[in-house]
Every structure is written in structure tokens, then in C-alpha cells.
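Asker: For reference, the file model07.cif (mmCIF, C-alpha atoms) is included below:
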```
data_model
#
loop_
_atom_site.label_atom_id
_atom_site.label_comp_id
_atom_site.auth_asym_id
_atom_site.auth_seq_id
_atom_site.Cartn_x
_atom_site.Cartn_y
_atom_site.Cartn_z
CA MET P 1 1.01 -14.51 2.08
CA PHE P 2 -0.22 -14.06 5.64
CA LEU P 3 -3.36 -15.76 6.91
CA ALA P 4 -5.50 -14.51 9.77
CA GLY P 5 -3.66 -14.38 13.07
CA GLU P 6 -0.16 -14.57 11.63
CA SER P 7 2.45 -12.08 12.76
CA LEU P 8 5.11 -10.35 10.69
CA ASN P 9 8.56 -11.87 10.83
CA ARG P 10 11.60 -9.71 11.56
CA ASN P 11 12.23 -8.69 7.93
CA HIS P 12 8.60 -7.78 7.38
CA ARG P 13 8.46 -5.79 10.62
CA MET P 14 11.56 -3.87 9.53
CA LYS P 15 9.92 -3.15 6.19
CA PHE P 16 6.78 -1.89 7.91
CA VAL P 17 8.82 0.34 10.22
CA TYR P 18 10.61 1.71 7.16
CA PHE P 19 7.28 2.62 5.51
CA ALA P 20 5.88 4.19 8.66
CA PHE P 21 8.84 6.26 9.78
CA VAL P 22 11.06 6.86 6.74
CA ASN P 23 8.92 6.83 3.65
CA MET P 24 5.78 7.97 5.52
CA LYS P 25 3.68 6.63 2.66
CA VAL P 26 1.99 3.25 2.57
CA LYS P 27 0.06 2.02 -0.46
CA ILE P 28 -2.43 -0.81 0.04
CA LEU P 29 -4.61 -2.75 -2.39
CA VAL P 30 -7.77 -4.42 -1.05
CA ILE P 31 -9.32 -7.08 -3.30
CA ARG P 32 -12.97 -8.13 -3.34
CA PHE P 33 -14.55 -8.67 -6.75
CA SER P 34 -18.18 -9.18 -5.69
CA SER P 35 -20.91 -8.89 -4.60
CA ILE P 36 -22.92 -6.08 -2.96
CA GLY P 37 -23.06 -7.47 0.56
CA ASP P 38 -19.58 -8.96 0.51
CA ILE P 39 -18.04 -5.65 -0.53
CA VAL P 40 -19.95 -3.67 2.10
CA LEU P 41 -18.68 -6.18 4.68
CA THR P 42 -15.08 -5.25 3.80
CA THR P 43 -15.55 -1.56 4.65
CA PRO P 44 -14.34 -1.84 8.28
CA VAL P 45 -11.02 -3.15 6.96
CA ILE P 46 -10.72 -0.18 4.59
CA ARG P 47 -11.52 2.32 7.33
CA CYS P 48 -9.24 0.75 9.95
CA LEU P 49 -6.30 0.52 7.55
CA LYS P 50 -6.71 4.16 6.59
CA LYS P 51 -7.17 5.48 10.12
CA GLN P 52 -4.90 3.23 12.18
CA LEU P 53 -1.70 2.86 10.15
CA GLU P 54 0.96 5.51 10.61
CA GLY P 55 1.99 7.83 7.81
CA ASP P 56 0.29 8.74 4.54
CA VAL P 57 -1.90 5.69 3.93
CA GLU P 58 -3.43 5.27 0.48
CA VAL P 59 -6.01 2.50 0.14
CA HIS P 60 -6.91 1.26 -3.34
CA TYR P 61 -9.66 -1.25 -4.11
CA LEU P 62 -9.98 -3.86 -6.87
CA THR P 63 -13.48 -5.03 -7.79
CA LYS P 64 -15.76 -5.66 -10.76
CA ASN P 65 -17.14 -2.76 -12.79
CA ASN P 66 -20.68 -3.54 -11.64
CA TYR P 67 -19.80 -2.82 -8.01
CA LYS P 68 -17.79 0.42 -8.28
CA THR P 69 -20.83 2.39 -7.13
CA LEU P 70 -20.51 0.85 -3.68
CA LEU P 71 -17.14 2.52 -3.13
CA GLU P 72 -17.21 5.70 -5.23
CA ASN P 73 -18.28 7.90 -2.31
CA ASN P 74 -16.12 6.18 0.33
CA PRO P 75 -13.65 8.80 1.65
CA TYR P 76 -11.24 6.09 2.82
CA VAL P 77 -10.72 4.75 -0.74
CA ALA P 78 -8.15 6.69 -2.76
CA LYS P 79 -8.68 4.86 -6.05
CA ILE P 80 -10.90 2.11 -7.46
CA HIS P 81 -9.52 -0.36 -9.99
CA SER P 82 -12.16 -2.44 -11.77
CA ILE P 83 -12.44 -5.26 -14.26
CA GLU P 84 -15.12 -6.39 -16.66
CA LYS P 85 -14.02 -9.98 -17.22
CA SER P 86 -10.34 -10.55 -16.57
CA THR P 87 -7.64 -9.26 -14.24
CA ASN P 88 -5.46 -8.91 -17.36
CA GLU P 89 -7.34 -5.64 -17.87
CA VAL P 90 -5.66 -4.06 -14.83
CA ILE P 91 -2.50 -6.03 -13.99
CA GLU P 92 -0.13 -3.58 -15.69
CA ALA P 93 -1.79 -0.56 -14.05
CA LEU P 94 -1.68 -2.28 -10.65
CA GLN P 95 2.02 -3.07 -11.07
CA GLU P 96 2.71 0.60 -11.75
CA GLU P 97 1.14 1.52 -8.39
CA LYS P 98 3.88 -0.41 -6.51
CA PHE P 99 1.71 -1.48 -3.59
CA ASP P 100 3.36 -2.16 -0.26
CA TYR P 101 0.57 -4.48 0.89
CA VAL P 102 -2.16 -6.48 -0.81
CA VAL P 103 -5.15 -7.53 1.30
CA ASP P 104 -7.05 -10.32 -0.43
CA LEU P 105 -10.60 -10.53 0.91
CA HIS P 106 -11.88 -12.65 -1.95
CA LYS P 107 -9.33 -15.46 -1.95
CA ASN P 108 -9.97 -17.28 -5.18
CA LEU P 109 -7.86 -18.16 -8.22
CA ARG P 110 -8.39 -14.73 -9.75
CA SER P 111 -7.27 -12.80 -6.65
CA SER P 112 -4.34 -15.19 -6.15
CA ARG P 113 -3.18 -14.41 -9.68
CA VAL P 114 -3.23 -10.69 -8.91
CA LYS P 115 -1.10 -11.24 -5.79
CA ARG P 116 1.46 -13.26 -7.75
CA LYS P 117 1.83 -10.40 -10.21
CA LEU P 118 2.40 -7.77 -7.51
CA GLU P 119 5.43 -7.28 -5.28
CA GLY P 120 3.73 -6.13 -2.08
CA LEU P 121 3.38 -8.34 0.98
CA SER P 122 0.01 -10.07 0.82
CA PHE P 123 -2.53 -10.93 3.49
CA SER P 124 -5.63 -13.10 3.32
CA PHE P 125 -8.23 -14.76 5.53
CA ASP P 126 -9.48 -18.26 6.22
CA LYS P 127 -12.61 -18.98 4.17
CA LEU P 128 -13.47 -21.93 6.45
CA ASN P 129 -14.45 -24.06 3.45
CA TRP P 130 -14.25 -27.41 5.22
CA GLN P 131 -16.30 -26.13 8.15
CA LYS P 132 -18.94 -24.89 5.71
CA TRP P 133 -18.87 -28.25 3.89
CA LEU P 134 -19.44 -30.11 7.16
CA LEU P 135 -22.39 -27.88 8.06
CA VAL P 136 -24.06 -28.13 4.64
CA ASN P 137 -23.44 -31.80 3.92
CA LEU P 138 -23.30 -33.50 7.33
CA LYS P 139 -25.04 -30.86 9.47
CA ILE P 140 -22.02 -30.84 11.78
CA ASN P 141 -21.46 -27.29 12.99
CA ARG P 142 -17.76 -26.48 13.41
CA MET P 143 -18.16 -22.85 12.37
CA PRO P 144 -16.50 -20.45 14.84
CA LYS P 145 -18.79 -17.99 16.63
CA ILE P 146 -17.29 -15.05 14.77
CA HIS P 147 -18.67 -12.74 12.11
CA ILE P 148 -16.95 -12.62 8.72
CA VAL P 149 -16.12 -8.93 9.34
CA ASP P 150 -13.99 -9.97 12.31
CA ARG P 151 -12.33 -12.66 10.19
CA TYR P 152 -11.57 -10.04 7.55
CA LEU P 153 -10.03 -7.83 10.24
CA GLN P 154 -7.95 -10.70 11.60
CA SER P 155 -6.23 -10.88 8.20
CA VAL P 156 -4.55 -7.51 8.87
CA LYS P 157 -3.93 -8.03 12.57
CA ALA P 158 -0.21 -8.45 11.84
CA LEU P 159 -0.16 -4.78 10.83
CA GLY P 160 -1.47 -3.78 14.24
CA ILE P 161 -5.03 -3.24 13.01
CA GLU P 162 -7.79 -3.61 15.58
CA ASN P 163 -11.56 -3.55 15.27
CA ASP P 164 -12.79 -0.03 16.05
CA ASP P 165 -16.34 -1.35 16.60
CA GLU P 166 -17.78 1.34 14.32
CA GLY P 167 -19.59 -1.18 12.14
CA LEU P 168 -19.99 -1.05 8.36
CA ASP P 169 -19.75 1.96 6.06
CA TYR P 170 -21.98 3.04 3.21
CA PHE P 171 -21.62 6.56 1.85
CA LEU P 172 -24.36 8.13 -0.28
CA PRO P 173 -23.66 10.79 -2.91
CA GLU P 174 -23.86 14.30 -1.49
CA GLY P 175 -27.40 15.68 -1.50
CA LEU P 176 -29.18 12.34 -1.98
CA ASP P 177 -32.06 12.11 0.48
CA GLY P 178 -34.60 9.29 0.69
CA LYS P 179 -37.39 11.76 1.51
CA GLN P 180 -37.08 13.27 -1.95
CA LEU P 181 -37.69 9.89 -3.58
CA LEU P 182 -41.06 9.24 -1.95
CA PRO P 183 -44.33 10.11 -3.73
CA GLU P 184 -46.18 13.20 -2.58
CA GLY P 185 -48.23 12.55 0.52
CA PHE P 186 -46.48 9.30 1.37
CA SER P 187 -45.50 8.98 5.02
CA ASN P 188 -41.85 9.57 5.93
CA SER P 189 -42.20 6.90 8.63
CA TYR P 190 -42.29 3.61 6.78
CA ILE P 191 -41.08 0.03 6.70
CA ALA P 192 -38.64 -0.83 3.92
CA LEU P 193 -39.38 -4.33 2.60
CA VAL P 194 -36.56 -5.76 0.49
CA LEU P 195 -37.99 -8.13 -2.13
CA GLY P 196 -34.93 -9.60 -3.76
CA ALA P 197 -32.14 -12.05 -3.11
CA THR P 198 -29.68 -13.61 -5.53
CA HIS P 199 -31.12 -17.12 -5.20
CA SER P 200 -34.78 -18.16 -5.02
CA THR P 201 -34.26 -20.32 -1.94
CA LYS P 202 -33.23 -17.19 0.00
CA ARG P 203 -36.47 -15.34 -0.90
CA LEU P 204 -39.98 -15.49 0.48
CA PRO P 205 -42.47 -16.83 -2.09
CA GLU P 206 -45.04 -14.33 -3.40
CA SER P 207 -47.84 -15.84 -1.33
CA LYS P 208 -45.89 -15.09 1.87
CA PHE P 209 -45.13 -11.56 0.70
CA ARG P 210 -48.83 -10.98 0.10
CA GLU P 211 -49.65 -12.17 3.61
CA LEU P 212 -46.93 -9.98 5.06
CA VAL P 213 -47.88 -6.68 3.40
CA THR P 214 -51.52 -7.31 4.34
CA ASP P 215 -50.60 -7.89 8.00
CA ILE P 216 -48.33 -4.84 8.27
CA GLU P 217 -50.32 -1.76 9.26
CA GLN P 218 -47.62 0.87 8.66
CA PRO P 219 -46.72 2.38 5.26
CA ILE P 220 -44.41 0.13 3.22
CA VAL P 221 -41.74 0.95 0.63
CA LEU P 222 -40.79 -2.02 -1.57
CA ILE P 223 -37.08 -2.19 -2.42
CA GLY P 224 -35.64 -4.25 -5.24
CA GLY P 225 -34.00 -4.39 -8.64
CA LYS P 226 -35.55 -4.58 -12.08
CA GLU P 227 -36.02 -8.32 -11.63
CA ASP P 228 -38.31 -7.57 -8.65
CA ALA P 229 -40.44 -4.92 -10.42
CA GLY P 230 -43.24 -7.34 -11.36
CA LEU P 231 -43.57 -8.68 -7.83
CA GLY P 232 -43.50 -5.13 -6.47
CA ALA P 233 -46.28 -4.02 -8.82
CA SER P 234 -48.41 -6.99 -7.80
CA LEU P 235 -47.95 -6.26 -4.09
CA GLU P 236 -48.62 -2.54 -4.54
CA GLU P 237 -52.05 -3.37 -6.02
CA ILE P 238 -53.09 -4.82 -2.64
CA ASP P 239 -53.15 -1.33 -1.12
CA SER P 240 -51.62 1.46 -3.18
CA LYS P 241 -52.23 3.99 -0.41
CA LYS P 242 -50.15 2.00 2.05
CA ILE P 243 -47.58 0.49 -0.34
CA PHE P 244 -45.14 2.32 -2.60
CA ASN P 245 -43.31 0.13 -5.11
CA ALA P 246 -39.77 1.41 -5.65
CA ALA P 247 -38.51 -1.93 -7.04
CA GLY P 248 -36.86 -1.48 -10.42
CA LYS P 249 -37.33 2.29 -10.31
CA MET P 250 -34.27 3.32 -8.30
CA THR P 251 -30.51 3.20 -8.66
CA LEU P 252 -28.54 1.30 -6.04
CA ASN P 253 -27.73 4.51 -4.19
CA GLU P 254 -31.35 5.66 -4.31
CA SER P 255 -32.49 2.32 -2.88
CA ALA P 256 -29.86 2.72 -0.17
CA ALA P 257 -31.19 6.21 0.60
CA LEU P 258 -34.67 4.74 1.06
CA LEU P 259 -33.25 2.16 3.47
CA LYS P 260 -31.52 4.91 5.43
CA GLN P 261 -34.80 6.83 5.78
CA ALA P 262 -36.84 3.77 6.89
CA SER P 263 -37.87 3.16 10.50
CA VAL P 264 -37.51 -0.64 10.06
CA VAL P 265 -35.96 -2.78 7.31
CA ILE P 266 -37.31 -6.26 6.56
CA THR P 267 -34.88 -8.13 4.36
CA HIS P 268 -33.57 -11.51 3.34
CA ASP P 269 -29.94 -12.60 3.71
CA THR P 270 -28.79 -10.30 0.93
CA GLY P 271 -26.69 -7.25 0.09
CA MET P 272 -29.36 -4.73 1.05
CA MET P 273 -29.37 -6.21 4.55
CA HIS P 274 -25.73 -5.20 4.93
CA ILE P 275 -26.36 -1.72 3.54
CA ALA P 276 -29.16 -1.33 6.10
CA ALA P 277 -26.72 -2.48 8.79
CA ALA P 278 -24.26 0.20 7.68
CA PHE P 279 -26.98 2.75 8.48
CA GLN P 280 -27.55 1.14 11.91
CA LYS P 281 -31.20 0.39 11.11
CA LYS P 282 -33.55 -1.85 13.03
CA ILE P 283 -33.43 -4.99 10.88
CA ILE P 284 -35.69 -8.03 10.65
CA SER P 285 -33.58 -10.58 8.81
CA ILE P 286 -35.37 -13.49 7.10
CA TRP P 287 -33.37 -16.67 6.39
CA GLY P 288 -34.29 -19.53 4.08
CA ASN P 289 -31.91 -22.26 3.01
CA THR P 290 -28.81 -20.51 4.44
CA VAL P 291 -28.07 -19.93 8.12
CA PRO P 292 -26.59 -17.11 10.24
CA ASP P 293 -23.95 -19.59 11.46
CA PHE P 294 -22.05 -18.90 8.25
CA GLY P 295 -21.15 -15.58 9.90
CA MET P 296 -22.91 -13.07 7.65
CA TYR P 297 -25.80 -11.87 9.79
CA PRO P 298 -26.35 -8.08 10.27
CA TYR P 299 -23.20 -6.40 11.60
CA LEU P 300 -23.89 -3.16 13.46
CA ASN P 301 -21.71 -0.95 15.61
CA ASN P 302 -21.49 -1.28 19.39
CA GLU P 303 -24.38 1.07 20.12
CA TYR P 304 -26.82 -0.78 17.86
CA ARG P 305 -25.24 -4.27 18.01
CA ASN P 306 -28.51 -5.99 19.00
CA SER P 307 -30.85 -3.97 16.76
CA PHE P 308 -31.80 -6.92 14.60
CA LYS P 309 -34.02 -10.00 14.76
CA ILE P 310 -33.41 -13.26 12.95
CA ILE P 311 -36.42 -15.08 11.45
CA GLU P 312 -35.67 -18.68 10.49
CA ASN P 313 -37.07 -22.20 10.62
CA ASN P 314 -34.87 -24.21 12.99
CA ASP P 315 -37.05 -27.35 12.83
CA LEU P 316 -35.66 -28.71 9.57
CA SER P 317 -33.00 -31.40 9.27
CA CYS P 318 -32.29 -30.38 5.65
CA ARG P 319 -31.18 -26.84 6.51
CA PRO P 320 -28.73 -25.45 5.46
CA CYS P 321 -28.85 -27.15 2.07
CA SER P 322 -26.28 -24.78 0.59
CA LYS P 323 -23.87 -22.05 1.67
CA ILE P 324 -25.23 -19.86 -1.13
CA GLY P 325 -28.60 -20.93 -2.54
CA PHE P 326 -30.53 -22.66 -5.33
CA ASP P 327 -33.09 -21.76 -7.99
CA LYS P 328 -35.58 -24.05 -6.23
CA CYS P 329 -35.81 -26.16 -3.10
CA PRO P 330 -33.87 -29.44 -3.58
CA LYS P 331 -36.49 -31.25 -1.48
CA GLY P 332 -39.45 -29.67 -3.26
CA HIS P 333 -41.26 -28.50 -0.12
CA PHE P 334 -39.44 -25.20 0.60
CA LYS P 335 -40.45 -25.41 4.24
CA CYS P 336 -37.62 -23.11 5.31
CA MET P 337 -39.72 -20.26 3.88
CA ASN P 338 -43.22 -21.70 3.50
CA ASP P 339 -43.49 -22.57 7.21
CA LEU P 340 -42.43 -19.14 8.49
CA ASN P 341 -44.98 -17.18 10.51
CA VAL P 342 -45.27 -13.85 8.69
CA SER P 343 -47.60 -12.52 11.39
CA GLN P 344 -44.61 -12.66 13.71
CA ILE P 345 -42.60 -10.57 11.23
CA ALA P 346 -45.39 -8.01 10.99
CA GLU P 347 -45.64 -7.86 14.78
CA LEU P 348 -41.89 -7.33 15.18
CA SER P 349 -41.92 -4.53 12.62
CA SER P 350 -44.43 -2.54 14.65
CA VAL P 351 -42.43 -2.61 17.90
#
```
Please express the file's structure as C-alpha cells.

Answerer:
Amino acid sequence: MFLAGESLNRNHRMKFVYFAFVNMKVKILVIRFSSIGDIVLTTPVIRCLKKQLEGDVEVHYLTKNNYKTLLENNPYVAKIHSIEKSTNEVIEALQEEKFDYVVDLHKNLRSSRVKRKLEGLSFSFDKLNWQKWLLVNLKINRMPKIHIVDRYLQSVKALGIENDDEGLDYFLPEGLDGKQLLPEGFSNSYIALVLGATHSTKRLPESKFRELVTDIEQPIVLIGGKEDAGLGASLEEIDSKKIFNAAGKMTLNESAALLKQASVVITHDTGMMHIAAAFQKKIISIWGNTVPDFGMYPYLNNEYRNSFKIIENNDLSCRPCSKIGFDKCPKGHFKCMNDLNVSQIAELSSV
């Protein structure tokens, strides 16, 4: 296995030359099982492998069934392999593909097992677990100033892959247009407000949401899953002429289409933030118990690289309290969200 920054030894270089100039066909498996944002963040690796390697490059992707939608319309992915519970479901089929390279962008026990079962040369990246532990537990920041996308790309540097600075990819089904999903008479110029996040400590409380939608003067489209439908309905009641609740009513791709159509996207540190970044949107990114220093802030292409604003409470000694999140604040006060100035968010969204 190769980690980020490693170079191919002589035998591996000879094998690569053989693929590129004799066989002219290279088969690659990229592994990332979950979740929405993490998979979207791997798309520059997919694109760069497909476009930069010589010969007939075929990129396959291994993920969970729930996340196939994210890749089904990606023209750089030749085939998606998916699992429900266990990699045993696909090991035999993967072995039949005879991959030349395996790029592990999940790096856990499950992905390691897949690599052991396949013959191709494997590449991975440094998850920086001890640096994350230091930041969460001792508040000592040894995290490198580098986005996780660039760390993903470093894992395939030995193959001659370079960052093309084109940002993230998200491809909608042909013909899907966010304008068609809006109610009649609703303005096409709106702010998309993403309600959800996987963990409660990464989400604004309802009281803050109510303040925010009241302060925002522009039309608002609420984005979220079925679990956010109740909150969306409650917020829509504040001003049904200004607010359209799409939470729980749209598929993932339809929600993405609404993000693409929005003039501004207000979102937590969550998967929809990365989909919005793939569309090069102006993003206002709200952070609770996690921090951008983990390297997963909005990643846009060169032209729009600074088209986002981070909203966070930097006056807390308890933050970050986790690299992921909790069901409730461990301290009980939830100041990382409760002390945020939502008027500032509303003001930024109107600029």
C-alpha cells in the first residue's frame, strides 16, 4: 500500500509503464463507503485519474447502496459497486474485474479487507487521527493547513496525478432543473437554507432558525431530509409567502437542483455544503462543535475559491468537542450555536 507522498519503486513504475504503453487499459477501484459529503469530496480524484492517466482508463467506485445516487450521473465513473452490509457481497465480483490499482479513500478495516482480497497495487491517505485527537482532547492544533481533497489527491501523486483546481463534481440527471421544483409564483432568486446535519451539535437549534428566517428579507427555500420536515413546516408558518419548505419533499438530486438554482446557500458542516460547493455557490457555512481546521470546509475551484464565509464561535475553550458530533452538547450550554449572531448571517446572505 502507498500512503500520501510515496513514490512508485522501480518494479511498480515498470508495471505502470506497461499499462500505459502496452496494454493501454488501466482499471482502477476507488473506495469510499460513506457519507454524502465525504463521497462528493472524492470526486476530484475520480476526475483527475480519468483525465490525466494515459491510455483507456476505467474508474470503478465501491460504496454503500444508500449513496449510489451521488455517482450514478458522474461521467468519469464507469461502474458502481455497492454493498448493503458486508463487503462479502461484492468481493468475488471485484476480483473478477482484475483492478490494476485500488485507491482507498475510506481507510478502515472494511476497506483494508477489500484491498487484501484484490491483486492491484493499493494507495491510501493519512487520516491524521493523532492530530485530530490532540485537537479534540487537548486543544493542541497540529492539523496541517491542507484540505482533505488535497490529501486525497496526494494519495495518487505517485501515479503522476496533480490537482487540476477544478473543484468538486456533482452531476444532476439530464433535464432536472431546480426552477421546475418551485411553487408557482415563487421567486427564482432565493436563499437555500439547509436545515439538517447528521449530529445535533452541528445544527442550529430551532429558536436560532426562527430568528434567522425572520431576519432574512429574501425568499427562502428550506432544504432537508424527511427528518427535517417538521422543522421546515414550523418555519414555513412564519411567512409562507417568503418561505417554501422543500424539506422531506425532494429526492437527493432534487434538493441538489434547488441548491444549484439558489443565489446563496446557508448550511451547516454537512453533505449539502459540499454539493453546493460543487456548484460553485456563494456559501455561508455555520459550524458548531466541529471546526474547519479538520480540513473539510467548502472546497471550490480557483475562480470561486473565496466564495464562502465561515460562521463559528471562536471564544470557547471546549471547542471542538468532537471530530464528528454528538446528540447533545456535552457541557449542556451549547454555546457554539446558541451564542452565534444570526443577524450577521442574514446580513451576509444579502450581500

Asker: Run the PyMOL selection byres ((chain P and resi 87-103) around 7) against the file shown and list the residues it catches, as a PyMOL selection string.

Answerer: chain P and resi 26-31+83+86+104-105+114-115+118+120-124

Asker: Excluding P:Ala256 and any residue of its chain fewer than 5 positions from it, enumerate the residues within 8 Å of it, using only C-alpha atoms, and give them as a list of chain:residue names.

Answerer: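 Here the qualifying residues turn out to be P:Leu172, P:Met272, P:Ile275, P:Ala276.
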
Asker: Rounded to one decimal, what separation in Å do you get between atom CA of P:Tyr170 and atom CA of P:Thr43?

Answerer: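 Pair atom CA of P:Tyr170 / atom CA of P:Thr43 returns 8.0 Å.
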
Asker: Of the residues P:Leu128, P:Ala277, P:Ile36, P:Met337, which is the one nearest to P:Leu204, using all atoms listed in the file?

Answerer: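 Closest to P:Leu204 of all the choices is P:Met337.
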
Asker: Starting from the shown file, work through the PyMOL selection byres ((chain P and resi 343-345) around 8) and note down what comes out as a ChimeraX atom specification.

Answerer: /P:212,215,284,311,341-342,346-349

Asker: Could you tell me how far atom CA of P:Ile148 sits from atom CA of P:Val45, in Å to one decimal place?

Answerer: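 Going from atom CA of P:Val45 over to atom CA of P:Ile148 covers 11.3 Å.
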
Asker: Nearest to P:Ser155: which of P:Ala233, P:Leu182, P:Leu49, P:Ala257 is it, counting only C-alpha atoms?

Answerer: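 The shortest atom-to-atom distance to P:Ser155 comes from P:Leu49.
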
Asker: Going by the chain IDs and residue numbers used in this file, which residues fall under the PyMOL selection byres ((chain P and resi 220) around 10)? Write them as a CSV table (one decimal) with C-alpha atoms, in the coordinates of the input.

Answerer:
```
chain,number,residue,atom,x,y,z
P,186,PHE,CA,-46.5,9.3,1.4
P,187,SER,CA,-45.5,9.0,5.0
P,189,SER,CA,-42.2,6.9,8.6
P,190,TYR,CA,-42.3,3.6,6.8
P,191,ILE,CA,-41.1,0.0,6.7
P,192,ALA,CA,-38.6,-0.8,3.9
P,193,LEU,CA,-39.4,-4.3,2.6
P,213,VAL,CA,-47.9,-6.7,3.4
P,216,ILE,CA,-48.3,-4.8,8.3
P,217,GLU,CA,-50.3,-1.8,9.3
P,218,GLN,CA,-47.6,0.9,8.7
P,219,PRO,CA,-46.7,2.4,5.3
P,221,VAL,CA,-41.7,1.0,0.6
P,222,LEU,CA,-40.8,-2.0,-1.6
P,223,ILE,CA,-37.1,-2.2,-2.4
P,236,GLU,CA,-48.6,-2.5,-4.5
P,239,ASP,CA,-53.2,-1.3,-1.1
P,240,SER,CA,-51.6,1.5,-3.2
P,241,LYS,CA,-52.2,4.0,-0.4
P,242,LYS,CA,-50.2,2.0,2.0
P,243,ILE,CA,-47.6,0.5,-0.3
P,244,PHE,CA,-45.1,2.3,-2.6
P,245,ASN,CA,-43.3,0.1,-5.1
P,262,ALA,CA,-36.8,3.8,6.9
P,264,VAL,CA,-37.5,-0.6,10.1
P,265,VAL,CA,-36.0,-2.8,7.3
```

Asker: Work out how far apart atom CA of P:Asn137 and atom CA of P:Asp315 are and give it in Å to one decimal.

Answerer: 16.9 Å

Asker: I need the residue nearest P:Cys321 from this list: P:Gln154, P:Gly271, P:Glu166, P:Leu138. Use all atoms listed in the file for the distance.

Answerer: P:Leu138
